[in-house]
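*Asks:* Just dropping this structure here.
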Amino acid sequence: MATFRLEIATPERPILDEQVSDAQIPASNGYLGLLPQHAPLIADLSAGLLSYTTGGKSESLFITDGWVEVLNDRVRVLADAVENPTEIDVIRAQKALDRALERLRIDVSDIDKARAVKAQKRAEARLAAAKNRT
Amino acid sequence: MPSLIDIRRRIRSVKNTQQITKAMKMVAAAKLRRAQDRVINARPYSKMLFATLAEVVSAAKSHEEAAQNPLLEVREEKRIALIVLTSDRGLAGAFNSNVLKTAMQFMLDRPGCEFVIEAVGRKARDFFTRREMRLSGEHVGIIEKARYADAARIAAPIVERYAQGEVDAVYIIGNEFKSVISQKLTTVKLLPVQVPEEAETASFIFEQPLAELLAGLLPRYVGTILNQAMLESAASEHAARMTAMEAASTNALEVIEKLTLNMNRVRQASITREIIEVVSGAEAQ
């Protein structure tokens, strides 16, 4: 079966470097489904669940903002943070969500607003990922 | 000639010092190992980010509006921001003074320029405050456990000032970690962004407009370089301290040997004198 190389790294450490047969990546304007022989591509990531299949087994990781680059059957994912869905701290995510919503409610400057919206999205994605785990 | 008791006391004091330097060496070695791991673990991300950036920038060259990013704009260097990376603690040999000397030389080499200094580490802050230089920020107590978020927090206002045209260039002065015995002083130009050359060219599909991608990638690039520099500096610091403490322990051993020799000589002299006294006393009878 055809495979391609999936590399994931955060500023702290490399996370993954494996041959996978497919991957779904949360880009900022919707999920990207990647298969071998994909055309070269660069996209922004948003927070969400990244899943991939290796050796017939499906795995998933929660990632936050960053970039993805596809070139010559090699996919590089640069994320701010990567977590195993089972390790997500639901309470902390809920608190972050509340905080972000609170900040959005008391009208603030554009920069802070953009940051709060991002934080809100991150927290929501975390909670959704945590809910789906089995 | 010092008395036997005085010499004994000196030996004891030197031994105590040696114990401290030995302990410090061991602590530095342990910290070095951890710092080294962090440097190595951070490298893949930086490498991948630089490669991606190179590709985006080379694609952006053919797009007029995408190449308009303020962080790529090159201006004549009149006002320069210097990020100086030192440690928070001393006793690391010439580690800090070398960095500070390089920073001073850097400024002397550019007469007519204005400088603002961003001090990372207590030693840099104290040094530049004493000389009453302009500090735009000071960051004490973070280098030891520096994370990407710390680097991003330091970088953000600097990027902002560059984009606003308040400074024309930003440099980092710090140590690069080569190996345990060798650290290299480096001066890196942080802004304007130095575009990596060796880009693999391919006709990429860009999911977002190029300008938007660049606007996200460039500040990230700045933060990543600073993060890397901070990790390298931390590892170099521990390596430098280890070497310095090793040398201090060896010196202490030498001093102890010399003092012991001296002590034995003094003791022998007093024994000889006593024997002579006894003998001449017996002869006189």
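Letters A, B, ... mark the chains of the structure tokens in the order given; residue numbers begin at 1 per chain; ligand numbers begin at 1, in order shown.
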Residues of chain A within 8 Å of chain B: nearest atom pair and distance (Å, one decimal) for each, counting only C-alpha atoms, sorted by chain and number, as a Markdown table?
*Replies:*
```
| residue | atom | partner | partner_atom | distance |
| --- | --- | --- | --- | --- |
| A:Ala9 | CA | B:Tyr45 | CA | 5.4 |
| A:Thr10 | CA | B:Tyr45 | CA | 6.0 |
| A:Pro11 | CA | B:Ala42 | CA | 5.5 |
| A:Glu12 | CA | B:Ala42 | CA | 5.2 |
| A:Arg13 | CA | B:Asn41 | CA | 4.4 |
| A:Pro14 | CA | B:Asn41 | CA | 6.2 |
| A:Asn29 | CA | B:Glu207 | CA | 8.0 |
| A:Ala39 | CA | B:Ile205 | CA | 7.5 |
| A:Pro40 | CA | B:Phe204 | CA | 4.7 |
| A:Leu41 | CA | B:Ile205 | CA | 4.5 |
| A:Ile42 | CA | B:Phe206 | CA | 5.2 |
| A:Ala43 | CA | B:Glu207 | CA | 4.9 |
| A:Asp44 | CA | B:Leu213 | CA | 7.0 |
| A:Glu69 | CA | B:Thr52 | CA | 6.8 |
| A:Arg76 | CA | B:Met48 | CA | 7.2 |
| A:Leu78 | CA | B:Tyr45 | CA | 6.8 |
```
*Asks:* With C-alpha atoms retained, could you export that selection as a PDB file, in the first residue's frame?
*Replies:*
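Saved the output as selection-v9.pdb:
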```pdb
ATOM      1  CA  ALA A   9       6.906  18.845  15.450  1.00  0.00           C
ATOM      2  CA  THR A  10       6.303  21.487  18.115  1.00  0.00           C
ATOM      3  CA  PRO A  11       8.805  24.146  19.193  1.00  0.00           C
ATOM      4  CA  GLU A  12       9.644  21.946  22.191  1.00  0.00           C
ATOM      5  CA  ARG A  13      10.198  18.598  20.536  1.00  0.00           C
ATOM      6  CA  PRO A  14       9.576  16.418  17.496  1.00  0.00           C
ATOM      7  CA  ASN A  29     -10.562  26.736   6.291  1.00  0.00           C
ATOM      8  CA  ALA A  39       0.111  17.983  -4.909  1.00  0.00           C
ATOM      9  CA  PRO A  40       2.480  20.436  -3.152  1.00  0.00           C
ATOM     10  CA  LEU A  41       0.504  22.527  -0.703  1.00  0.00           C
ATOM     11  CA  ILE A  42       0.966  24.941   2.167  1.00  0.00           C
ATOM     12  CA  ALA A  43      -1.826  25.792   4.559  1.00  0.00           C
ATOM     13  CA  ASP A  44      -2.560  27.379   7.899  1.00  0.00           C
ATOM     14  CA  GLU A  69       3.385  21.727   4.148  1.00  0.00           C
ATOM     15  CA  ARG A  76       5.291  18.438   7.643  1.00  0.00           C
ATOM     16  CA  LEU A  78       4.303  22.492  12.544  1.00  0.00           C
TER      17      LEU A  78
END
```
*Asks:* Can you pull out every residue from stretch 37-263 of chain B that DSSP, working from the backbone, puts in alpha helix (DSSP H), and format the result as number ranges by chain?
*Replies:* B: 37-60, 95-108, 122-130, 148-164, 210-263
*Asks:* Show which residues sit within 9 Å of stretch 12-25 of chain B, as number ranges by chain. Count only C-alpha atoms, and ignore same-chain residues fewer than 3 positions away.
*Replies:* B: 7-9, 28-30, 238, 241-246, 248-253, 255-256
*Asks:* Go ahead and save the residues from that selection, with N, CA and C atoms, as a JSON list (two decimals), in the first residue's frame.
*Replies:*
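Ended up saving to result_6.json:
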```
[["chain", "number", "residue", "atom", "x", "y", "z"],
["B", 7, "ILE", "N", 49.14, 26.92, 58.43],
["B", 7, "ILE", "CA", 49.12, 26.18, 57.16],
["B", 7, "ILE", "C", 47.99, 25.17, 57.15],
["B", 8, "ARG", "N", 47.82, 24.48, 58.27],
["B", 8, "ARG", "CA", 46.73, 23.51, 58.36],
["B", 8, "ARG", "C", 45.39, 24.18, 58.09],
["B", 9, "ARG", "N", 45.24, 25.37, 58.66],
["B", 9, "ARG", "CA", 43.99, 26.10, 58.48],
["B", 9, "ARG", "C", 43.78, 26.46, 57.00],
["B", 28, "ALA", "N", 26.27, 21.60, 37.25],
["B", 28, "ALA", "CA", 26.31, 22.14, 35.88],
["B", 28, "ALA", "C", 26.22, 21.02, 34.86],
["B", 29, "ALA", "N", 26.89, 19.90, 35.16],
["B", 29, "ALA", "CA", 26.87, 18.78, 34.23],
["B", 29, "ALA", "C", 25.47, 18.23, 34.06],
["B", 30, "ALA", "N", 24.76, 18.12, 35.19],
["B", 30, "ALA", "CA", 23.39, 17.59, 35.13],
["B", 30, "ALA", "C", 22.48, 18.54, 34.36],
["B", 238, "HIS", "N", 25.84, 26.39, 30.88],
["B", 238, "HIS", "CA", 26.17, 25.25, 31.74],
["B", 238, "HIS", "C", 27.49, 24.62, 31.35],
["B", 241, "ARG", "N", 30.21, 26.86, 32.64],
["B", 241, "ARG", "CA", 30.37, 26.75, 34.08],
["B", 241, "ARG", "C", 31.06, 25.45, 34.45],
["B", 242, "MET", "N", 30.69, 24.40, 33.74],
["B", 242, "MET", "CA", 31.31, 23.10, 34.01],
["B", 242, "MET", "C", 32.81, 23.17, 33.81],
["B", 243, "THR", "N", 33.22, 23.76, 32.68],
["B", 243, "THR", "CA", 34.65, 23.87, 32.38],
["B", 243, "THR", "C", 35.34, 24.73, 33.43],
["B", 244, "ALA", "N", 34.71, 25.84, 33.79],
["B", 244, "ALA", "CA", 35.31, 26.76, 34.76],
["B", 244, "ALA", "C", 35.49, 26.08, 36.11],
["B", 245, "MET", "N", 34.47, 25.32, 36.53],
["B", 245, "MET", "CA", 34.53, 24.68, 37.84],
["B", 245, "MET", "C", 35.52, 23.53, 37.85],
["B", 246, "GLU", "N", 35.61, 22.87, 36.72],
["B", 246, "GLU", "CA", 36.62, 21.82, 36.57],
["B", 246, "GLU", "C", 38.01, 22.41, 36.78],
["B", 248, "ALA", "N", 38.75, 25.17, 38.32],
["B", 248, "ALA", "CA", 38.90, 25.64, 39.69],
["B", 248, "ALA", "C", 39.25, 24.49, 40.63],
["B", 249, "SER", "N", 38.60, 23.33, 40.41],
["B", 249, "SER", "CA", 38.89, 22.17, 41.26],
["B", 249, "SER", "C", 40.33, 21.72, 41.08],
["B", 250, "THR", "N", 40.80, 21.71, 39.85],
["B", 250, "THR", "CA", 42.19, 21.32, 39.58],
["B", 250, "THR", "C", 43.14, 22.30, 40.25],
["B", 251, "ASN", "N", 42.85, 23.58, 40.15],
["B", 251, "ASN", "CA", 43.71, 24.58, 40.78],
["B", 251, "ASN", "C", 43.75, 24.38, 42.28],
["B", 252, "ALA", "N", 42.60, 24.10, 42.87],
["B", 252, "ALA", "CA", 42.53, 23.91, 44.31],
["B", 252, "ALA", "C", 43.41, 22.73, 44.71],
["B", 253, "LEU", "N", 43.37, 21.68, 43.91],
["B", 253, "LEU", "CA", 44.20, 20.51, 44.20],
["B", 253, "LEU", "C", 45.68, 20.89, 44.20],
["B", 255, "VAL", "N", 46.99, 23.82, 44.76],
["B", 255, "VAL", "CA", 47.28, 24.65, 45.94],
["B", 255, "VAL", "C", 47.43, 23.76, 47.16],
["B", 256, "ILE", "N", 46.53, 22.78, 47.28],
["B", 256, "ILE", "CA", 46.60, 21.88, 48.43],
["B", 256, "ILE", "C", 47.92, 21.13, 48.45]]
```
*Asks:* Please extract the residues of stretch 158-233 of chain B with a backbone DSSP assignment of strand (DSSP E) and present them as JSON, numbers by chain.
*Replies:* {"B": [169, 170, 171, 172, 173, 174, 175, 176, 177, 183, 184, 185, 186, 187, 188, 189, 190, 191, 205, 206]}
*Asks:* Which residues come within 12 Å of B:Asn98, counting only C-alpha atoms, excluding same-chain residues fewer than 3 positions away, as JSON, numbers by chain?
*Replies:* {"B": [84, 85, 86, 87, 92, 93, 94, 95, 101, 102, 103, 104, 105, 123, 124, 173, 174, 175, 183, 184, 185, 186, 237, 240]}
*Asks:* Could you name the residues that touch A:Ser21 at 9 Å or less, counting only C-alpha atoms, but leaving out those on the same chain fewer than 2 positions away, as a PDB file with N, CA and C atoms, in the first residue's frame?
*Replies:*
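What landed in selection34.pdb:
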```pdb
ATOM      1  N   MET A   1       0.833  -1.193   0.000  1.00  0.00           N
ATOM      2  CA  MET A   1       0.000   0.000   0.000  1.00  0.00           C
ATOM      3  C   MET A   1       0.871   1.248   0.000  1.00  0.00           C
ATOM      4  N   ALA A   2       0.461   2.180  -0.810  1.00  0.00           N
ATOM      5  CA  ALA A   2       1.259   3.401  -0.906  1.00  0.00           C
ATOM      6  C   ALA A   2       1.188   4.188   0.404  1.00  0.00           C
ATOM      7  N   THR A   3       2.318   4.738   0.784  1.00  0.00           N
ATOM      8  CA  THR A   3       2.344   5.538   2.011  1.00  0.00           C
ATOM      9  C   THR A   3       3.082   6.844   1.741  1.00  0.00           C
ATOM     10  N   PHE A   4       2.973   7.751   2.665  1.00  0.00           N
ATOM     11  CA  PHE A   4       3.793   8.965   2.633  1.00  0.00           C
ATOM     12  C   PHE A   4       4.264   9.273   4.034  1.00  0.00           C
ATOM     13  N   ARG A   5       5.238  10.183   4.096  1.00  0.00           N
ATOM     14  CA  ARG A   5       5.880  10.453   5.371  1.00  0.00           C
ATOM     15  C   ARG A   5       5.172  11.602   6.071  1.00  0.00           C
ATOM     16  N   GLN A  19       5.599   6.649   8.424  1.00  0.00           N
ATOM     17  CA  GLN A  19       4.980   6.418   7.132  1.00  0.00           C
ATOM     18  C   GLN A  19       3.493   6.157   7.377  1.00  0.00           C
ATOM     19  N   ALA A  23      -4.100  10.863   5.927  1.00  0.00           N
ATOM     20  CA  ALA A  23      -4.137  11.779   7.062  1.00  0.00           C
ATOM     21  C   ALA A  23      -5.224  12.811   6.858  1.00  0.00           C
ATOM     22  N   LEU A  34      -5.531  14.003   3.180  1.00  0.00           N
ATOM     23  CA  LEU A  34      -4.323  13.805   2.393  1.00  0.00           C
ATOM     24  C   LEU A  34      -4.114  12.322   2.100  1.00  0.00           C
ATOM     25  N   LEU A  35      -3.753  12.054   0.847  1.00  0.00           N
ATOM     26  CA  LEU A  35      -3.407  10.702   0.427  1.00  0.00           C
ATOM     27  C   LEU A  35      -2.043  10.778  -0.247  1.00  0.00           C
ATOM     28  N   PRO A  36      -1.389   9.634  -0.472  1.00  0.00           N
ATOM     29  CA  PRO A  36      -0.100   9.671  -1.170  1.00  0.00           C
ATOM     30  C   PRO A  36      -0.238  10.392  -2.517  1.00  0.00           C
ATOM     31  N   TYR A  52      -4.594  10.004  11.397  1.00  0.00           N
ATOM     32  CA  TYR A  52      -3.839   9.379  10.318  1.00  0.00           C
ATOM     33  C   TYR A  52      -3.920   7.871  10.464  1.00  0.00           C
ATOM     34  N   THR A  53      -3.624   7.168   9.398  1.00  0.00           N
ATOM     35  CA  THR A  53      -3.656   5.715   9.426  1.00  0.00           C
ATOM     36  C   THR A  53      -2.260   5.180   9.164  1.00  0.00           C
ATOM     37  N   THR A  54      -1.793   4.369  10.079  1.00  0.00           N
ATOM     38  CA  THR A  54      -0.487   3.761   9.868  1.00  0.00           C
ATOM     39  C   THR A  54      -0.595   2.268  10.170  1.00  0.00           C
ATOM     40  N   GLY A  55      -0.156   1.473   9.213  1.00  0.00           N
ATOM     41  CA  GLY A  55      -0.235   0.022   9.371  1.00  0.00           C
ATOM     42  C   GLY A  55      -1.657  -0.458   9.611  1.00  0.00           C
ATOM     43  N   GLY A  56      -2.642   0.180   8.960  1.00  0.00           N
ATOM     44  CA  GLY A  56      -4.018  -0.245   9.088  1.00  0.00           C
ATOM     45  C   GLY A  56      -4.696   0.236  10.352  1.00  0.00           C
TER      46      GLY A  56
END
```
*Asks:* Could you name the residues that touch A:Ala27 at 10 Å or less, counting only C-alpha atoms, but leaving out those on the same chain fewer than 4 positions away, as a ChimeraX atom specification?
*Replies:* /A:31-33,42-48,50,65-68 /B:207-208
*Asks:* Write out, as a PDB file, in the first residue's frame, the residues just selected, with N, CA and C atoms.
*Replies:*
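That gives us result24.pdb:
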```pdb
ATOM      1  N   TYR A  31     -11.147  20.846   7.000  1.00  0.00           N
ATOM      2  CA  TYR A  31     -10.240  19.703   7.066  1.00  0.00           C
ATOM      3  C   TYR A  31      -9.640  19.387   5.709  1.00  0.00           C
ATOM      4  N   LEU A  32      -8.356  18.979   5.736  1.00  0.00           N
ATOM      5  CA  LEU A  32      -7.681  18.538   4.525  1.00  0.00           C
ATOM      6  C   LEU A  32      -7.556  17.025   4.605  1.00  0.00           C
ATOM      7  N   GLY A  33      -7.995  16.323   3.567  1.00  0.00           N
ATOM      8  CA  GLY A  33      -7.774  14.897   3.529  1.00  0.00           C
ATOM      9  C   GLY A  33      -6.571  14.648   2.642  1.00  0.00           C
ATOM     10  N   ILE A  42       0.651  24.344   0.867  1.00  0.00           N
ATOM     11  CA  ILE A  42       0.966  24.941   2.167  1.00  0.00           C
ATOM     12  C   ILE A  42      -0.313  25.537   2.729  1.00  0.00           C
ATOM     13  N   ALA A  43      -0.596  25.258   3.978  1.00  0.00           N
ATOM     14  CA  ALA A  43      -1.826  25.792   4.559  1.00  0.00           C
ATOM     15  C   ALA A  43      -1.626  26.122   6.025  1.00  0.00           C
ATOM     16  N   ASP A  44      -2.460  27.021   6.498  1.00  0.00           N
ATOM     17  CA  ASP A  44      -2.560  27.379   7.899  1.00  0.00           C
ATOM     18  C   ASP A  44      -3.329  26.300   8.643  1.00  0.00           C
ATOM     19  N   LEU A  45      -2.946  26.029   9.886  1.00  0.00           N
ATOM     20  CA  LEU A  45      -3.711  25.058  10.666  1.00  0.00           C
ATOM     21  C   LEU A  45      -4.607  25.791  11.646  1.00  0.00           C
ATOM     22  N   SER A  46      -5.653  25.109  12.067  1.00  0.00           N
ATOM     23  CA  SER A  46      -6.384  25.628  13.219  1.00  0.00           C
ATOM     24  C   SER A  46      -6.427  24.497  14.236  1.00  0.00           C
ATOM     25  N   ALA A  47      -6.934  24.794  15.412  1.00  0.00           N
ATOM     26  CA  ALA A  47      -6.972  23.770  16.443  1.00  0.00           C
ATOM     27  C   ALA A  47      -7.970  22.685  16.043  1.00  0.00           C
ATOM     28  N   GLY A  48      -7.622  21.436  16.262  1.00  0.00           N
ATOM     29  CA  GLY A  48      -8.542  20.362  15.925  1.00  0.00           C
ATOM     30  C   GLY A  48      -7.860  19.011  16.025  1.00  0.00           C
ATOM     31  N   LEU A  50      -6.166  15.846  14.476  1.00  0.00           N
ATOM     32  CA  LEU A  50      -5.454  15.361  13.309  1.00  0.00           C
ATOM     33  C   LEU A  50      -5.475  13.846  13.390  1.00  0.00           C
ATOM     34  N   ASP A  65      -2.755  25.657  16.557  1.00  0.00           N
ATOM     35  CA  ASP A  65      -2.341  26.419  15.379  1.00  0.00           C
ATOM     36  C   ASP A  65      -0.912  26.176  14.896  1.00  0.00           C
ATOM     37  N   GLY A  66      -0.741  26.394  13.594  1.00  0.00           N
ATOM     38  CA  GLY A  66       0.560  26.212  12.983  1.00  0.00           C
ATOM     39  C   GLY A  66       0.421  26.135  11.476  1.00  0.00           C
ATOM     40  N   TRP A  67       1.317  25.358  10.853  1.00  0.00           N
ATOM     41  CA  TRP A  67       1.293  25.237   9.395  1.00  0.00           C
ATOM     42  C   TRP A  67       1.447  23.794   8.974  1.00  0.00           C
ATOM     43  N   VAL A  68       0.970  23.521   7.777  1.00  0.00           N
ATOM     44  CA  VAL A  68       1.232  22.214   7.192  1.00  0.00           C
ATOM     45  C   VAL A  68       1.787  22.441   5.794  1.00  0.00           C
TER      46      VAL A  68
ATOM     47  N   GLU B 207      -3.373  27.386   0.415  1.00  0.00           N
ATOM     48  CA  GLU B 207      -4.744  27.367   0.900  1.00  0.00           C
ATOM     49  C   GLU B 207      -5.228  28.751   1.293  1.00  0.00           C
ATOM     50  N   GLN B 208      -4.276  29.559   1.781  1.00  0.00           N
ATOM     51  CA  GLN B 208      -4.626  30.934   2.139  1.00  0.00           C
ATOM     52  C   GLN B 208      -3.890  31.870   1.191  1.00  0.00           C
TER      53      GLN B 208
END
```
*Asks:* List as a list in words the protein and nucleic acid residues near stretch 164-168 of chain B, meaning an atom at most 9 Å away when only C-alpha atoms are counted, but skip any in the same chain fewer than 5 places from it.
*Replies:* Pro70, Val74, Arg75, Glu76, Glu77, Lys78, Arg79, Ile80, Ala81, Phe115, Val116, Ile158, Val159, Leu191 and Pro192 of chain B
*Asks:* Store the residues picked out above, limited to C-alpha atoms, as a short mmCIF file (atom, residue, chain, number, x, y, z; two decimals), in the first residue's frame.
*Replies:*
```cif
data_model
loop_
_atom_site.label_atom_id
_atom_site.label_comp_id
_atom_site.auth_asym_id
_atom_site.auth_seq_id
_atom_site.Cartn_x
_atom_site.Cartn_y
_atom_site.Cartn_z
CA PRO B 70 7.00 44.96 6.76
CA VAL B 74 15.29 46.47 4.41
CA ARG B 75 16.11 49.95 5.69
CA GLU B 76 19.34 51.78 6.29
CA GLU B 77 20.52 50.79 9.76
CA LYS B 78 20.34 53.84 11.96
CA ARG B 79 18.50 52.64 15.02
CA ILE B 80 19.41 49.13 16.03
CA ALA B 81 17.86 46.89 18.64
CA PHE B 115 21.06 51.43 20.11
CA VAL B 116 18.34 50.03 22.27
CA ILE B 158 10.34 43.88 19.04
CA VAL B 159 8.57 42.73 15.89
CA LEU B 191 15.26 41.50 11.39
CA PRO B 192 14.86 42.25 8.55
#
```
